[in-house]
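Working notes, beginning with the structure itself.
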Amino acid sequence: MPLDKDRLLFAYRRILEIRYLEASLSDLLKRGEIPDLYPCSGQEAVAVGVCLALRPDDQITSMYRCLGHVIAKGAEPWRVAAEFFGRRDGYCKGKGGAKHVCSFADGIYGATSIVAAGIPHAAGVALGNQYLNTGQVVACFFGDGAANQGTFHEGLNLASVWKLPVVFVCENNLYALATPIEETTAVKDIADRAASYNMPGVIVDGMDVEAVYDAVTEAVSRARAGGGPSLLECKTYRFGGHFAAEFALKIHYREDSEMDQWRKRDPILLLGAKLEKEFGFTEEAAQALRNEVQQKTEEAIARARSSPAPLPEEALQDLYADSYANLPEQEIF
Amino acid sequence: MPLDKDRLLFAYRRILEIRYLEASLSDLLKRGEIPDLYPCSGQEAVAVGVCLALRPDDQITSMYRCLGHVIAKGAEPWRVAAEFFGRRDGYCKGKGGAKHVCSFADGIYGATSIVAAGIPHAAGVALGNQYLNTGQVVACFFGDGAANQGTFHEGLNLASVWKLPVVFVCENNLYALATPIEETTAVKDIADRAASYNMPGVIVDGMDVEAVYDAVTEAVSRARAGGGPSLLECKTYRFGGHFAAEFALKIHYREDSEMDQWRKRDPILLLGAKLEKEFGFTEEAAQALRNEVQQKTEEAIARARSSPAPLPEEALQDLYADSYANLPEQEIF
Amino acid sequence: MRDINYLQAMNEAIAEEMIRDDRVIVIGEDVRAGVFGVTAGLLEKFGPRRILDTPISESGFCGAAIGAAMRGLRPVVNMHLGSFLYVAMDQIVNECAKLRYMFGGQVNLPIVFLCRSGPPGNNAAQHSDAPYPLFANSPGLKVVLPSTSYDVKGLLKQAIRDNDPVMVFGNIRSRKSSVPETGEDLVIPFGKGEVKRAGTDITVVAFLHLVEEGLSAAEDLEREGISLEVVDPRTLVPLDMQIILESLAKTGRLLVTDDSHRTCGAAAEIVARVAEKGWNLLKAPVKRVTRYDVPIPYYRAMEQFVLPNRDKIKQAARKLMGV
Amino acid sequence: MRDINYLQAMNEAIAEEMIRDDRVIVIGEDVRAGVFGVTAGLLEKFGPRRILDTPISESGFCGAAIGAAMRGLRPVVNMHLGSFLYVAMDQIVNECAKLRYMFGGQVNLPIVFLCRSGPPGNNAAQHSDAPYPLFANSPGLKVVLPSTSYDVKGLLKQAIRDNDPVMVFGNIRSRKSSVPETGEDLVIPFGKGEVKRAGTDITVVAFLHLVEEGLSAAEDLEREGISLEVVDPRTLVPLDMQIILESLAKTGRLLVTDDSHRTCGAAAEIVARVAEKGWNLLKAPVKRVTRYDVPIPYYRAMEQFVLPNRDKIKQAARKLMGV
Ligand SMILES: Cc1ncc(C[n+]2csc(CCOP(=O)(O)OP(=O)(O)O)c2C)c(N)n1
Ligand SMILES: Cc1ncc(C[n+]2csc(CCOP(=O)(O)OP(=O)(O)O)c2C)c(N)n1
Ligand SMILES: [Mg+2]
Ligand SMILES: [Mg+2]
């Protein structure tokens with residue numbers, strides 16, 4: 001079922017929100033105001049397409065390249081930005097930071113920075129859904145490089161054996177840091193690995209938000225109906241560095257020509273063109289939307305920046321839910 | 001190419017050697033003379049078929065269920081038995097024991113008891129062969145349960161990407177300890193997982209030593225020619241408990257009828273019948289061979305038993321190749 | 001009260017907590033068959049929905065336990081042996097221990113990782129570890145080391161109710177002891193040690209089955225005129241320093257015995273805390289009776305040589321008294 | 001002699017040993033690109049046969065390093081960060097460390113596991129660990145903690161020549177120092193510490209970049225009339241106790257500073273050994289200046305609060321002197 005105009009416009013707005021927020025954070029990083037950022041621009045259609053296909057009470061698990069995922073799932077941009085700044089209003093109170101933004105209240109069940117470590121977490125959240133019989137489904141984001149980790153294998157096998165309501169979303173951006181996937185991965189398409197777990201494996205155009213939405217919708221309804229997990233491989237590309245500070249490392253692993261090809265398939269261009277063609281979405285309307293999102297982004301950044309910084313000694317809080325007088329026991333200097 | 005009579009007879013003898021040695025060790029265990037044993041009877045045709053297809057200088061990696069592997073690869077029965085006793089002439093000087101018998105001089109590159117941990121070791125030995133350009137091939141033994149460990153996934157992917165000369169031999173005996181494979185494994189045939197690593201995956205009748213030999217011969221020549229790894233799944237069954245002391249646990253997870261079915265396909269019966277049918281191998285000849293092997297086994301046990309026990313303080317030896325005055329540094333009581 | 005063995009006490013603790021709270025589930029290899037006794041009979045009592053057999057995928061199912069806990073369940077993960085914890089190390093130490101903190105307190109992870117630690121005997125290097133110091137060095141986990149049937153029942157029940165991840169290391173060579181009738185609630189708070197035997201000459205700090213060894217050493221040495229006070233902190237994280245310091249105020253001499261390896265082990269930590277806070281109480285150098293710093297060998301006499309035991313405690317105690 | 005930074009010293013050490021012995025190979029993620037500098041330029045010098053990029057499969061490639069070592073190669077495994085060691089924990093601790101012993105000395109495993117430890121800054125809980133105590137508690141490994149360019153070059157070259165598995169933790173905030181010209185062989189034996197600054201009041205035992213912090217603390221405190229002797233054991237396993245005890249014979253006061261967590265950490269071990277062997281030398285309680293027992297938070301001011309540093313060393317030293 002194709003997305004209607006409103007939903008496509010919503011997707012377009014979300015993608016812009018992510019793109020602009022990242023651009024602002026990237027500037028702040030260059031100015032030394034925030035210390036860390038893993039760019040996702042180019043990949044936004046995956047995050048947005050996935051979350052469009054979820055119910056609000058469904059969950060996702062994210063990873064260090066979390067910005068797109070969390071905005072797409074409904075986290076507030078200013079609180080996301082506040083986490084990048086390390087402020088108290090950040091979702092993790094400044095403890096998690098750039099690589100670990102998540103909001104359990106919004107169904108974002110963690111963002112972890114050990115490659116593939118979140119995959120079994122997603123299976124476990126789905127186990128909880130199944131046990132409590134809530135009908136919720138989990139979408140689990142990870143990269144192409146993650147598909148060579150043992151936890152990928154173990155997590156997918158477990159999810160299949162237990163028929164868990166989870167959709168595994170591999171964002172294949174062709175590189176794990178500076179190493180091209182074909183140098184490290186025995187198969188061309190990660191989706192082929194689904195056969196090892198007796199689940200559907202689908203290759204999806206990750207630059208096309210509607211294609212992502214369609215594939216996820218099918219996988220979600222299967223999962224919700226008790227049919228178990230699926231593996232979706234979204235072919236995509238990251239326009240930025242592996243991390244924002246990559247340029248400082250002076251390493252070269254991608255050709256400009258490759259980047260140029262992918263830039264032509266920028267999800268913003270593709271979706272803009274579709275909106276124009278199918279719904280007469282004009283350049284003026286687009287410009288107005290861009291302005292609005294840009295303005296809101298700036299407001300979010302300003303609000304984040306004015307959030308108070310944590311006190312140094314707040315570092316000692318939040319470790320245990322049930323504390324003991326002598327825990328942690330240590331001399332504080 | 002079918003095996004000739006001599007080679008088949010050799011295989012038959014080897015299988016008997018393993019079966020009888022295990023029976024003796026099993027008796028000794030019940031009498032409290034040895035403390036540990038993981039039975040492999042029923043599975044001998046895999047070990048013997050694999051090693052028949054290897055060159056003497058090829059290597060294997062084994063695991064806790066190692067008895068068949070090491071005898072098949074040419075370890076001396078008396079020194080194997082000595083290791084079960086924990087004696088000085090044991091291959092590991094009594095330090096490794098029942099689960100860890102190996103002989104590097106015979107190309108047995110370790111026997112490890114963490115499930116699937118040996119899989120990447122095999123890849124590494126193969127990497128060494130490739131680097132040194134020796135033409136040697138490694139055969140790597142593991143169980144069906146091991147195929148759900150992350151190291152299985154990582155090891156096979158790595159071996160494929162690097163085109164390493166290694167043959168992965170999964171002994172699928174249908175159970176991981178007390179749990180049937182279908183409760184824990186998303187695919188019916190482990191061989192299907194080969195596709196995830198872009199290598200051949202072959203199902204083999206693990207009770208038929210010639211079938212094993214044929215499949216391994218093909219995989220080995222492919223590996224030796226630089227064609228990379230293969231995954232062979234040998235369908236087999238263990239006639240004994242997961243470990244010899246299992247009976248004491250009073251757990252029940254296999255039906256007698258299932259055992260009876262598999263006992264009809266005992267590799268000794270199958271190979272005996274083939275020898276009789278094709279080469280007129282008589283029951284008298286078989287009996288003579290059985291007697292001879294039984295006698296040699298008893299001699300091996302006797303010799304092993306008379307090997308000296310290590311002194312307690314020998315426990316402090318063999319940890320480091322390069323020692324230091326103060327390492328280990330500890331007060332000995 | 002009735003005598004039950006250590007394994008049965010673990011089993012009862014889990015069963016009682018499963019009755020009390022239906023969000024408690026059991027996850028692990030062969031837990032339905034109950035192969036080594038810890039989970040025997042639970043399948044019959046609670047059904048396959050709550051007793052989950054897993055593939056041999058320790059990272060996978062420990063990770064799944066984390067996700068399930070995020071979603072509100074309270075998994076008890078049976079890891080079987082301490083030596084198998086390494087396979088899931090990232091999930092336990094870098095995920096489970098840290099996620100609450102890293103997410104700014106958004107989520108609780110009430111998970112128990114349960115294992116039998118220490119050499120089952122003749123199991124050699126890869127199956128015999130007692131790696132609790134590694135988890136004590138990883139903030140975010142609580143580390144529980146019970147020495148009797150009573151303690152393991154009460155502490156394991158507490159662990160299941162605790163809202164943080166708890167590592168429970170059991171050792172079935174620990175003392176069989178009496179526990180209240182089933183139904184009577186037995187819960188022991190963390191961080192509260194117990195003096196298992198009073199004495200005047202040396203404070204022997206011991207965990208797990210070494211409490212038993214310490215007690216027998218104390219009996220033997222009494223005949224030689226040396227009086228040991230055996231103190232069992234029961235949990236390593238949190239650690240009851242007060243009970244140790246109070247004992248040292250009496251004895252002035254410290255012997256710590258622990259079944260982990262020596263370098264950076266549990267005994268090292270206890271000695272270090274005493275050297276910080278109780279230095280004035282000491283009238284002699286301290287002694288550590290631990291595993292030697294080699295892996296565990298297979299052959300029994302070598303294995304015994306490496307492990308701490310009653311005789312070594314006695315020898316160390318005599319040295320401490322200068323006799 | 002010439003000044004080079006710490007990363008370059010690591011890089012030179014590997015390159016020189018690769019020239020010296022063609023069985024030395026480098027394995028790891030992004031080692032061809034040389035992303036963080038440790039292996040920069042090695043691909044050009046030694047070609048793809050000896051510089052092996054891996055999938056993100058730490059257990060897999062650490063395990064492969066073990067197999068390759070069995071077969072006679074000498075792998076240098078670049079793990080990048082200490083926090084990634086957990087993913088390969090079983091392979092390092094339960095396989096690599098134990099196999100020689102468990103196989104009765106049949107095989108040597110000359111492998112170096114190399115990582116940068118300690119917080120790169122603002123990397124939060126999962127990327128900032130310095131988990132060397134976990135490896136010190138696992139017999140079979142040697143643990144190397146170099147504090148200057150000179151030391152890291154000499155110790156890493158020694159590690160590559162050593163016939164056992166060696167864990168090398170580097171910290172790029174360590175002191176830039178001068179090293180001999182390339183070609184001149186620089187090898188530092190394990191287990192030999194160095195007094196980095198002589199003093200009379202307090203023995204400060206420090207590793208890695210904390211040696212630098214200790215030295216600046218010493219400078220500052222000199223002005224307050226407190227004299228620190230900074231002792232750098234350079235390797236934690238084996239540990240040069242002699243140099244520590246000799247220093248304590250002069251000072252009588254012990255402060256240990258180490259970048260691992262506190263409970264069962266490196267400082268605990270050093271204190272424990274002193275309490276066993278040098279108790280008579282001590283004239284005051286000891287002090288440990290370590291990470292607090294919480295994970296590393298992202299926000300800088302909180303991160304700084306958790307980490308040991310010069311100011312905390314100074315404060316602890318003043319407390320020790322009772323001022
Ligand atoms: C276990 C582990 N190993 C290495 C790293 C360092 N690292 C961080 S991201 C990354 C590449 C991951 O690639 P991929 O899974 O394709 O995701 P992408 O970054 O492309 O989104 C690496 C190697 C890590 N965080 N965790
Ligand atoms: C990582 C790990 N987890 C659990 C165990 C305990 N264990 C030993 S053997 C075994 C079953 C293995 O089954 P499989 O791989 O099929 O081999 P089989 O024993 O059938 O030959 C288990 C669970 C272990 N040794 N290592
Ligand atoms: Mg990628
Ligand atoms: Mg099996």
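A note on labels: chains of the structure tokens are A, B, ... as shown, every chain counts residues from 1, and ligands are counted from 1 in their shown order.
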Using only C-alpha atoms and all ligand atoms, find each protein or nucleic acid residue lying at most 6 Å from ligand 2; present the set as a PDB file with C-alpha atoms, in the first residue's frame.
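As a result, part-v4.pdb now contains:
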ATOM      1  CA  SER B 113      36.671 -27.671  25.681  1.00  0.00           C
ATOM      2  CA  ILE B 114      34.951 -24.352  25.180  1.00  0.00           C
ATOM      3  CA  VAL B 115      32.334 -25.108  22.562  1.00  0.00           C
ATOM      4  CA  GLY B 143      29.582 -30.487  17.003  1.00  0.00           C
ATOM      5  CA  ASP B 144      26.133 -29.412  15.901  1.00  0.00           C
ATOM      6  CA  GLY B 145      25.695 -27.315  19.019  1.00  0.00           C
ATOM      7  CA  ALA B 146      28.895 -25.461  18.169  1.00  0.00           C
ATOM      8  CA  ASN B 173      24.986 -36.129  16.533  1.00  0.00           C
ATOM      9  CA  TYR B 175      22.110 -33.294  20.486  1.00  0.00           C
ATOM     10  CA  ALA B 176      24.045 -30.669  22.328  1.00  0.00           C
ATOM     11  CA  LEU B 177      24.325 -32.286  25.713  1.00  0.00           C
ATOM     12  CA  HIS B 242      27.374 -36.710  26.679  1.00  0.00           C
TER      13      HIS B 242
ATOM     14  CA  ILE C  56      25.094 -22.630  22.903  1.00  0.00           C
ATOM     15  CA  PHE C  84      31.781 -19.943  30.511  1.00  0.00           C
TER      16      PHE C  84
END
**Prompt:** Out of segment 10-47 of chain D, which residues get strand (DSSP E or B) from DSSP, as a VMD selection string?
**Reply:** chain D and resid 24 to 28
For the residues in that selection, give me all heavy atoms as a PDB file, in the first residue's frame.
ATOM      1  N   VAL D  24      56.627 -12.308  11.717  1.00  0.00           N
ATOM      2  CA  VAL D  24      55.765 -11.339  12.400  1.00  0.00           C
ATOM      3  C   VAL D  24      54.736 -10.797  11.406  1.00  0.00           C
ATOM      4  O   VAL D  24      55.099 -10.329  10.317  1.00  0.00           O
ATOM      5  CB  VAL D  24      56.603 -10.170  12.981  1.00  0.00           C
ATOM      6  CG1 VAL D  24      55.686  -9.122  13.611  1.00  0.00           C
ATOM      7  CG2 VAL D  24      57.626 -10.689  13.976  1.00  0.00           C
ATOM      8  N   ILE D  25      53.470 -10.905  11.764  1.00  0.00           N
ATOM      9  CA  ILE D  25      52.399 -10.343  10.932  1.00  0.00           C
ATOM     10  C   ILE D  25      51.510  -9.456  11.809  1.00  0.00           C
ATOM     11  O   ILE D  25      51.540  -9.561  13.035  1.00  0.00           O
ATOM     12  CB  ILE D  25      51.528 -11.442  10.274  1.00  0.00           C
ATOM     13  CG1 ILE D  25      50.870 -12.332  11.350  1.00  0.00           C
ATOM     14  CG2 ILE D  25      52.356 -12.295   9.316  1.00  0.00           C
ATOM     15  CD1 ILE D  25      49.819 -13.282  10.802  1.00  0.00           C
ATOM     16  N   VAL D  26      50.764  -8.590  11.157  1.00  0.00           N
ATOM     17  CA  VAL D  26      49.853  -7.701  11.879  1.00  0.00           C
ATOM     18  C   VAL D  26      48.422  -8.043  11.481  1.00  0.00           C
ATOM     19  O   VAL D  26      48.118  -8.203  10.300  1.00  0.00           O
ATOM     20  CB  VAL D  26      50.150  -6.222  11.559  1.00  0.00           C
ATOM     21  CG1 VAL D  26      49.068  -5.311  12.133  1.00  0.00           C
ATOM     22  CG2 VAL D  26      51.517  -5.834  12.099  1.00  0.00           C
ATOM     23  N   ILE D  27      47.568  -8.187  12.474  1.00  0.00           N
ATOM     24  CA  ILE D  27      46.166  -8.548  12.254  1.00  0.00           C
ATOM     25  C   ILE D  27      45.278  -7.542  12.977  1.00  0.00           C
ATOM     26  O   ILE D  27      45.584  -7.176  14.106  1.00  0.00           O
ATOM     27  CB  ILE D  27      45.881  -9.962  12.832  1.00  0.00           C
ATOM     28  CG1 ILE D  27      46.725 -11.027  12.126  1.00  0.00           C
ATOM     29  CG2 ILE D  27      44.407 -10.320  12.723  1.00  0.00           C
ATOM     30  CD1 ILE D  27      46.440 -12.451  12.609  1.00  0.00           C
ATOM     31  N   GLY D  28      44.197  -7.141  12.351  1.00  0.00           N
ATOM     32  CA  GLY D  28      43.246  -6.285  13.054  1.00  0.00           C
ATOM     33  C   GLY D  28      42.324  -5.550  12.105  1.00  0.00           C
ATOM     34  O   GLY D  28      42.448  -5.665  10.874  1.00  0.00           O
TER      35      GLY D  28
END
**Request:** Restrict the distance test to only C-alpha atoms, flag each residue of chain D within 9 Å of chain B, and return the flagged residues as a PyMOL selection string.
**Result:** chain D and resi 23+49-50+54-73+90-91+94-95+97-109+139-141+162-165+190-191+237-241
**Request:** List all protein, DNA and RNA residues that have at least one atom no more than 12 Å from any atom of ligand 3, counting only C-alpha atoms and all ligand atoms, and write them as a PyMOL selection string.
**Result:** (chain A and resi 38-40+43+63-65+115-116+141-148+170-182+184-185+190+233-243) or (chain D and resi 55-56)
**Request:** Please return as number ranges by chain: the residues of segment 193-317 of chain C that backbone DSSP assigns to helix (DSSP H, G or I).
**Result:** C: 209-223, 241-251, 266-277, 279-281, 300-306, 310-317
Neighbour list for Cys51 of chain B as a PDB file with N, CA and C atoms, in the first residue's frame, cut-off 9 Å, only C-alpha atoms, skip fewer than 5 positions in-chain:
ATOM      1  N   VAL B  46      33.495 -40.787  11.297  1.00  0.00           N
ATOM      2  CA  VAL B  46      33.806 -39.405  10.912  1.00  0.00           C
ATOM      3  C   VAL B  46      35.299 -39.156  11.103  1.00  0.00           C
ATOM      4  N   PRO B  56      49.807 -37.101   6.077  1.00  0.00           N
ATOM      5  CA  PRO B  56      50.318 -37.188   7.455  1.00  0.00           C
ATOM      6  C   PRO B  56      50.704 -35.818   8.017  1.00  0.00           C
ATOM      7  N   ASP B  58      49.272 -32.982   7.312  1.00  0.00           N
ATOM      8  CA  ASP B  58      48.123 -32.110   7.496  1.00  0.00           C
ATOM      9  C   ASP B  58      47.773 -32.046   8.985  1.00  0.00           C
ATOM     10  N   ILE B  60      44.816 -31.357  12.270  1.00  0.00           N
ATOM     11  CA  ILE B  60      43.430 -31.272  12.708  1.00  0.00           C
ATOM     12  C   ILE B  60      43.364 -30.395  13.963  1.00  0.00           C
ATOM     13  N   HIS B  69      39.262 -38.572  17.322  1.00  0.00           N
ATOM     14  CA  HIS B  69      40.061 -37.710  16.453  1.00  0.00           C
ATOM     15  C   HIS B  69      41.552 -38.003  16.589  1.00  0.00           C
ATOM     16  N   ALA B  72      42.591 -41.459  15.340  1.00  0.00           N
ATOM     17  CA  ALA B  72      42.504 -41.455  13.874  1.00  0.00           C
ATOM     18  C   ALA B  72      43.661 -40.696  13.248  1.00  0.00           C
ATOM     19  N   LYS B  73      44.127 -39.652  13.928  1.00  0.00           N
ATOM     20  CA  LYS B  73      45.210 -38.844  13.351  1.00  0.00           C
ATOM     21  C   LYS B  73      46.576 -39.441  13.645  1.00  0.00           C
ATOM     22  N   GLY B  74      46.621 -40.534  14.435  1.00  0.00           N
ATOM     23  CA  GLY B  74      47.898 -41.221  14.600  1.00  0.00           C
ATOM     24  C   GLY B  74      48.555 -41.102  15.960  1.00  0.00           C
ATOM     25  N   ALA B 139      41.883 -29.917   9.105  1.00  0.00           N
ATOM     26  CA  ALA B 139      40.502 -30.344   9.311  1.00  0.00           C
ATOM     27  C   ALA B 139      40.086 -29.957  10.717  1.00  0.00           C
ATOM     28  N   TYR B 213      35.191 -40.162   3.763  1.00  0.00           N
ATOM     29  CA  TYR B 213      36.471 -40.067   3.045  1.00  0.00           C
ATOM     30  C   TYR B 213      36.305 -39.337   1.708  1.00  0.00           C
ATOM     31  N   VAL B 216      35.558 -35.562   2.166  1.00  0.00           N
ATOM     32  CA  VAL B 216      36.725 -34.834   2.678  1.00  0.00           C
ATOM     33  C   VAL B 216      37.807 -34.758   1.611  1.00  0.00           C
TER      34      VAL B 216
END
**Message:** Which residue is closest to chain C? Choose from D:Lys153, D:Lys192, D:Arg318, D:Arg288 and count only C-alpha atoms.
**Reply:**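 Going through D:Lys153, D:Lys192, D:Arg318, D:Arg288 one by one, the smallest distance to chain C is for D:Arg288.
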